[in-house]
$ cat data_12.cif   # mmCIF, C-alpha atoms
data_input
loop_
_atom_site.label_atom_id
_atom_site.label_comp_id
_atom_site.auth_asym_id
_atom_site.auth_seq_id
_atom_site.Cartn_x
_atom_site.Cartn_y
_atom_site.Cartn_z
CA MET A 90 88.28 207.48 12.30
CA ILE A 91 86.72 204.17 11.43
CA ALA A 92 83.08 204.79 10.57
CA SER A 93 80.58 203.34 13.01
CA THR A 94 78.16 201.64 10.65
CA PRO A 95 75.10 199.52 11.43
CA GLU A 96 74.57 195.87 10.58
CA PRO A 97 74.57 195.24 6.81
CA PRO A 98 73.07 195.66 4.32
CA TYR A 99 73.91 199.26 3.52
CA THR A 100 75.60 201.04 0.62
CA ALA A 101 79.28 201.95 0.25
CA VAL A 102 80.53 204.46 -2.32
CA ILE A 103 84.23 203.85 -2.95
CA PHE A 104 85.82 206.91 -4.54
CA THR A 105 89.42 206.41 -5.66
CA SER A 106 91.33 209.30 -7.21
CA LEU A 107 94.69 210.62 -8.37
CA ARG A 108 95.29 214.33 -7.73
CA THR A 109 96.68 216.86 -10.13
CA GLU A 110 99.57 219.10 -8.99
CA GLY A 111 98.66 222.09 -6.79
CA ASP A 112 95.67 222.77 -4.57
CA HIS A 113 93.30 224.76 -6.83
CA GLY A 114 90.84 225.15 -3.93
CA TYR A 115 90.77 221.40 -3.31
CA ALA A 116 91.46 221.35 0.44
CA VAL A 117 88.64 223.75 1.29
CA MET A 118 86.14 222.04 -0.99
CA SER A 119 87.14 218.59 0.25
CA ARG A 120 86.41 219.57 3.86
CA ARG A 121 83.16 221.22 2.81
CA MET A 122 82.00 218.11 0.94
CA THR A 123 82.72 215.89 3.95
CA GLN A 124 80.67 218.26 6.12
CA LEU A 125 77.85 218.49 3.56
CA ALA A 126 77.70 214.71 3.07
CA ALA A 127 77.26 214.26 6.82
CA GLU A 128 74.14 216.45 6.70
CA GLN A 129 72.41 214.33 4.05
CA PRO A 130 69.57 211.90 4.76
CA GLY A 131 70.80 208.34 5.06
CA PHE A 132 74.45 209.28 5.70
CA LEU A 133 76.13 206.64 7.88
CA GLY A 134 79.80 207.64 7.91
CA ILE A 135 82.90 208.38 5.87
CA GLU A 136 86.53 207.22 5.83
CA SER A 137 89.30 208.88 3.85
CA ALA A 138 93.05 208.56 3.28
CA ARG A 139 95.48 209.68 0.60
CA GLU A 140 99.00 208.57 -0.26
CA ASP A 141 99.85 207.78 -3.89
CA VAL A 142 96.14 207.29 -4.38
CA GLY A 143 93.24 208.84 -2.49
CA ILE A 144 90.47 206.59 -1.21
CA THR A 145 87.25 207.94 0.29
CA VAL A 146 84.53 205.51 1.27
CA SER A 147 81.17 206.99 2.23
CA TYR A 148 78.46 204.81 3.73
CA TRP A 149 74.75 205.28 3.11
CA ALA A 150 71.57 203.69 4.39
CA ASP A 151 70.65 202.52 0.91
CA ASP A 152 71.34 203.04 -2.78
CA ALA A 153 68.71 205.82 -3.03
CA ALA A 154 70.52 207.86 -0.36
CA ALA A 155 73.82 207.46 -2.23
CA ARG A 156 72.19 208.50 -5.50
CA ALA A 157 70.56 211.54 -3.84
CA TRP A 158 73.96 212.69 -2.52
CA LYS A 159 75.38 212.54 -6.05
CA GLN A 160 72.64 215.00 -7.13
CA VAL A 161 73.01 217.59 -4.33
CA ALA A 162 73.62 220.91 -6.14
CA GLU A 163 76.77 221.98 -4.29
CA HIS A 164 78.16 218.46 -4.74
CA VAL A 165 77.42 218.55 -8.47
CA VAL A 166 79.54 221.72 -8.71
CA ALA A 167 82.35 219.99 -6.78
CA GLN A 168 82.17 216.95 -9.06
CA GLU A 169 82.55 219.21 -12.11
CA ARG A 170 85.52 220.99 -10.52
CA GLY A 171 86.98 217.59 -9.67
CA ARG A 172 86.83 216.48 -13.27
CA SER A 173 88.24 219.76 -14.64
CA ALA A 174 90.88 220.68 -12.03
CA TRP A 175 91.57 218.34 -9.13
CA TYR A 176 91.75 214.79 -10.43
CA SER A 177 93.93 213.37 -13.18
CA ASP A 178 91.96 210.13 -12.85
CA TYR A 179 89.24 208.71 -10.63
CA GLN A 180 86.86 205.81 -10.26
CA VAL A 181 83.59 205.63 -8.35
CA ARG A 182 82.31 202.22 -7.31
CA VAL A 183 78.91 201.82 -5.70
CA ALA A 184 78.55 198.65 -3.67
CA THR A 185 76.17 196.89 -1.32
CA VAL A 186 77.85 195.82 1.91
CA THR A 187 76.69 192.31 2.72
CA ARG A 188 78.77 191.47 5.78
CA SER A 189 81.09 193.26 8.18
CA TYR A 190 83.30 192.27 11.08
CA GLY A 191 85.85 193.81 13.42
CA PRO A 192 87.94 192.68 16.41
CA ASP A 193 84.78 191.79 18.34
CA GLY A 194 83.23 189.74 15.55
CA PRO A 195 80.41 190.43 13.09
CA ARG A 196 78.76 193.82 13.09
CA MET B 1062 97.34 203.18 -8.67
CA ILE B 1063 93.64 203.00 -9.37
CA ALA B 1064 92.72 199.35 -9.85
CA SER B 1065 91.63 198.41 -13.35
CA THR B 1066 88.49 196.43 -12.62
CA PRO B 1067 85.99 194.88 -15.06
CA GLU B 1068 82.33 195.75 -15.43
CA PRO B 1069 80.33 195.05 -12.26
CA PRO B 1070 79.25 192.93 -10.55
CA TYR B 1071 82.33 191.93 -8.57
CA THR B 1072 83.28 191.89 -4.89
CA ALA B 1073 85.07 194.61 -2.91
CA VAL B 1074 86.65 193.96 0.49
CA ILE B 1075 87.02 197.27 2.32
CA PHE B 1076 89.56 196.93 5.13
CA THR B 1077 89.82 199.99 7.38
CA SER B 1078 92.32 200.04 10.24
CA LEU B 1079 94.05 202.08 12.90
CA ARG B 1080 97.71 201.19 13.51
CA THR B 1081 99.42 200.71 16.84
CA GLU B 1082 102.70 202.56 17.51
CA GLY B 1083 105.86 201.05 15.99
CA ASP B 1084 106.37 198.73 13.03
CA HIS B 1085 106.49 195.24 14.63
CA GLY B 1086 107.17 193.70 11.20
CA TYR B 1087 104.15 195.39 9.67
CA ALA B 1088 105.77 196.97 6.60
CA VAL B 1089 107.32 193.72 5.37
CA MET B 1090 104.15 191.69 5.99
CA SER B 1091 101.97 194.35 4.39
CA ARG B 1092 103.99 194.23 1.16
CA ARG B 1093 104.00 190.42 1.27
CA MET B 1094 100.20 190.26 1.68
CA THR B 1095 99.68 192.62 -1.27
CA GLN B 1096 101.94 190.38 -3.39
CA LEU B 1097 100.27 187.18 -2.15
CA ALA B 1098 96.76 188.54 -2.73
CA ALA B 1099 97.68 189.31 -6.34
CA GLU B 1100 98.56 185.63 -6.87
CA GLN B 1101 95.15 184.35 -5.74
CA PRO B 1102 92.43 183.09 -8.11
CA GLY B 1103 89.84 185.76 -8.81
CA PHE B 1104 92.04 188.68 -7.73
CA LEU B 1105 91.13 191.82 -9.70
CA GLY B 1106 93.12 194.60 -8.04
CA ILE B 1107 93.97 196.45 -4.83
CA GLU B 1108 94.07 200.09 -3.70
CA SER B 1109 95.61 201.27 -0.45
CA ALA B 1110 96.27 204.53 1.42
CA ARG B 1111 96.96 205.47 5.03
CA GLU B 1112 96.75 208.79 6.87
CA ASP B 1113 94.93 208.93 10.22
CA VAL B 1114 93.16 205.79 9.09
CA GLY B 1115 94.33 203.10 6.70
CA ILE B 1116 92.03 201.96 3.90
CA THR B 1117 92.78 198.98 1.68
CA VAL B 1118 90.21 197.91 -0.87
CA SER B 1119 90.81 194.62 -2.64
CA TYR B 1120 88.66 193.57 -5.57
CA TRP B 1121 87.66 189.99 -6.35
CA ALA B 1122 85.79 188.22 -9.11
CA ASP B 1123 83.14 187.04 -6.68
CA ASP B 1124 82.37 186.48 -3.02
CA ALA B 1125 83.86 182.96 -3.10
CA ALA B 1126 87.23 184.33 -4.24
CA ALA B 1127 87.20 186.90 -1.41
CA ARG B 1128 86.33 184.19 1.14
CA ALA B 1129 89.08 181.93 -0.20
CA TRP B 1130 91.66 184.71 0.23
CA LYS B 1131 90.61 185.11 3.87
CA GLN B 1132 91.47 181.40 4.39
CA VAL B 1133 94.92 181.33 2.72
CA ALA B 1134 97.27 180.00 5.42
CA GLU B 1135 99.90 182.74 5.27
CA HIS B 1136 97.12 185.34 5.30
CA VAL B 1137 95.51 183.71 8.34
CA VAL B 1138 98.82 184.13 10.20
CA ALA B 1139 98.96 187.80 9.13
CA GLN B 1140 95.38 188.36 10.32
CA GLU B 1141 96.26 186.95 13.73
CA ARG B 1142 99.36 189.16 13.93
CA GLY B 1143 97.19 192.11 12.87
CA ARG B 1144 94.79 191.51 15.74
CA SER B 1145 97.55 191.00 18.31
CA ALA B 1146 100.17 193.57 17.25
CA TRP B 1147 99.48 195.92 14.35
CA TYR B 1148 95.96 197.24 14.67
CA SER B 1149 94.33 199.04 17.58
CA ASP B 1150 91.04 198.77 15.70
CA TYR B 1151 89.82 197.59 12.32
CA GLN B 1152 86.71 196.84 10.32
CA VAL B 1153 86.28 194.58 7.31
CA ARG B 1154 83.32 195.19 5.02
CA VAL B 1155 82.55 192.82 2.18
CA ALA B 1156 80.47 194.38 -0.57
CA THR B 1157 79.11 193.66 -4.02
CA VAL B 1158 79.96 196.40 -6.51
CA THR B 1159 76.85 197.08 -8.57
CA ARG B 1160 77.98 200.04 -10.70
CA SER B 1161 81.16 201.90 -11.46
CA TYR B 1162 82.12 205.00 -13.42
CA GLY B 1163 85.14 207.15 -14.12
CA PRO B 1164 85.98 210.21 -16.23
CA ASP B 1165 84.97 208.37 -19.40
CA GLY B 1166 81.62 207.15 -18.06
CA PRO B 1167 80.42 203.78 -16.79
CA ARG B 1168 82.84 200.91 -16.56
#
$ encode --input "data_12.cif" --output "structure tokens"
Amino acid sequence: MIASTPEPPYTAVIFTSLRTEGDHGYAVMSRRMTQLAAEQPGFLGIESAREDVGITVSYWADDAAARAWKQVAEHVVAQERGRSAWYSDYQVRVATVTRSYGPDGPR
Amino acid sequence: MIASTPEPPYTAVIFTSLRTEGDHGYAVMSRRMTQLAAEQPGFLGIESAREDVGITVSYWADDAAARAWKQVAEHVVAQERGRSAWYSDYQVRVATVTRSYGPDGPR
């Protein structure tokens, strides 16, 4: 699904990762984090795909909402597990979306 | 591959798409566009994955470099072919990366 986001500006968190071998509880936690993110204040949408690399982009009303999500207790536990078990490498990039357009023009 | 990007700020172009059925020359053009993007001034890196949705994030030194890439003639042709043949829907979001961190801390 392509996230249905409002007119910019808003915040995008681009999370790129390489997985380790094996599941180690990843699939369950990944689904849970997507569900939990969607319940947070300021959540706008999420897009995710994995081939050689995994890319998840979550969209937030503003930088404060993105920062708050990083601090949610259950998410903090998942981040720790990500560092220790699931990801051989990752990068998080926090960005301000300044313009957006699709087939029907700017949005 | 996770793109090796410098310290922020820099520009991220988040391209999310849904494919139509069939190839229609997509695979060849997709590889060509990745190669051509890498030759452009201000190109920093690219990450791409597709499952239900395709996500390609290209990174650029600044907004002007990202805009220039959008105008490269061969890329303009690919964009038109994308709208007419390859994508049932897409969204382009141009964003300024303000902070970034990985396993070893901020970058």
$ interface_residues --input "data_12.cif" --of "chain A" --to "chain B" --cutoff "10 Å" --atoms "only C-alpha atoms" --output "JSON, numbers by chain"
{"A": [90, 91, 92, 93, 94, 97, 98, 99, 100, 101, 102, 103, 104, 105, 106, 107, 136, 137, 138, 139, 140, 141, 142, 143, 144, 145, 146, 152, 171, 172, 173, 176, 177, 178, 179, 180, 181, 182, 183, 184, 185, 186, 187, 188, 189, 190, 191, 192, 193, 194, 195, 196]}
$ closest_residue --input "data_12.cif" --among "B:Glu1068, B:Gly1083, B:Glu1135, B:Glu1141" --to "Gln1096 of chain B" --atoms "all atoms listed in the file"
B:Glu1135
$ atom_distance --input "data_12.cif" --atom1 "atom CA of Arg1080 of chain B" --atom2 "atom CA of Ala1139 of chain B"
14.1 Å
$ atom_distance --input "data_12.cif" --atom1 "atom CA of Ala1127 of chain B" --atom2 "atom CA of Leu1097 of chain B"
13.1 Å
$ atom_distance --input "data_12.cif" --atom1 "atom CA of His113 of chain A" --atom2 "atom CA of Gln168 of chain A"
13.8 Å
$ resolve_selection --input "data_12.cif" --expression "the PyMOL selection byres ((chain B and resi 1126) around 9)" --output "VMD selection string"
chain B and resid 1072 1101 to 1104 1121 to 1125 1127 to 1131
$ write_last_selection --input "data_12.cif" --atoms "C-alpha atoms" --output "PDB file, keeping the file's coordinate frame"
ATOM      1  CA  THR B1072      83.280 191.890  -4.890  1.00  0.00           C
ATOM      2  CA  GLN B1101      95.150 184.350  -5.740  1.00  0.00           C
ATOM      3  CA  PRO B1102      92.430 183.090  -8.110  1.00  0.00           C
ATOM      4  CA  GLY B1103      89.840 185.760  -8.810  1.00  0.00           C
ATOM      5  CA  PHE B1104      92.040 188.680  -7.730  1.00  0.00           C
ATOM      6  CA  TRP B1121      87.660 189.990  -6.350  1.00  0.00           C
ATOM      7  CA  ALA B1122      85.790 188.220  -9.110  1.00  0.00           C
ATOM      8  CA  ASP B1123      83.140 187.040  -6.680  1.00  0.00           C
ATOM      9  CA  ASP B1124      82.370 186.480  -3.020  1.00  0.00           C
ATOM     10  CA  ALA B1125      83.860 182.960  -3.100  1.00  0.00           C
ATOM     11  CA  ALA B1127      87.200 186.900  -1.410  1.00  0.00           C
ATOM     12  CA  ARG B1128      86.330 184.190   1.140  1.00  0.00           C
ATOM     13  CA  ALA B1129      89.080 181.930  -0.200  1.00  0.00           C
ATOM     14  CA  TRP B1130      91.660 184.710   0.230  1.00  0.00           C
ATOM     15  CA  LYS B1131      90.610 185.110   3.870  1.00  0.00           C
TER      16      LYS B1131
END
$ residues_around --input "data_12.cif" --residues "Thr123 of chain A" --least-positions-apart "3" --cutoff "10 Å" --atoms "all atoms listed in the file" --output "number ranges by chain"
A: 118-120, 126-128, 134-137, 145, 147
$ closest_residue --input "data_12.cif" --among "B:Glu1082, B:Ala1088, B:Met1094, B:Tyr1120" --to "Val1137 of chain B" --atoms "only C-alpha atoms"
B:Met1094
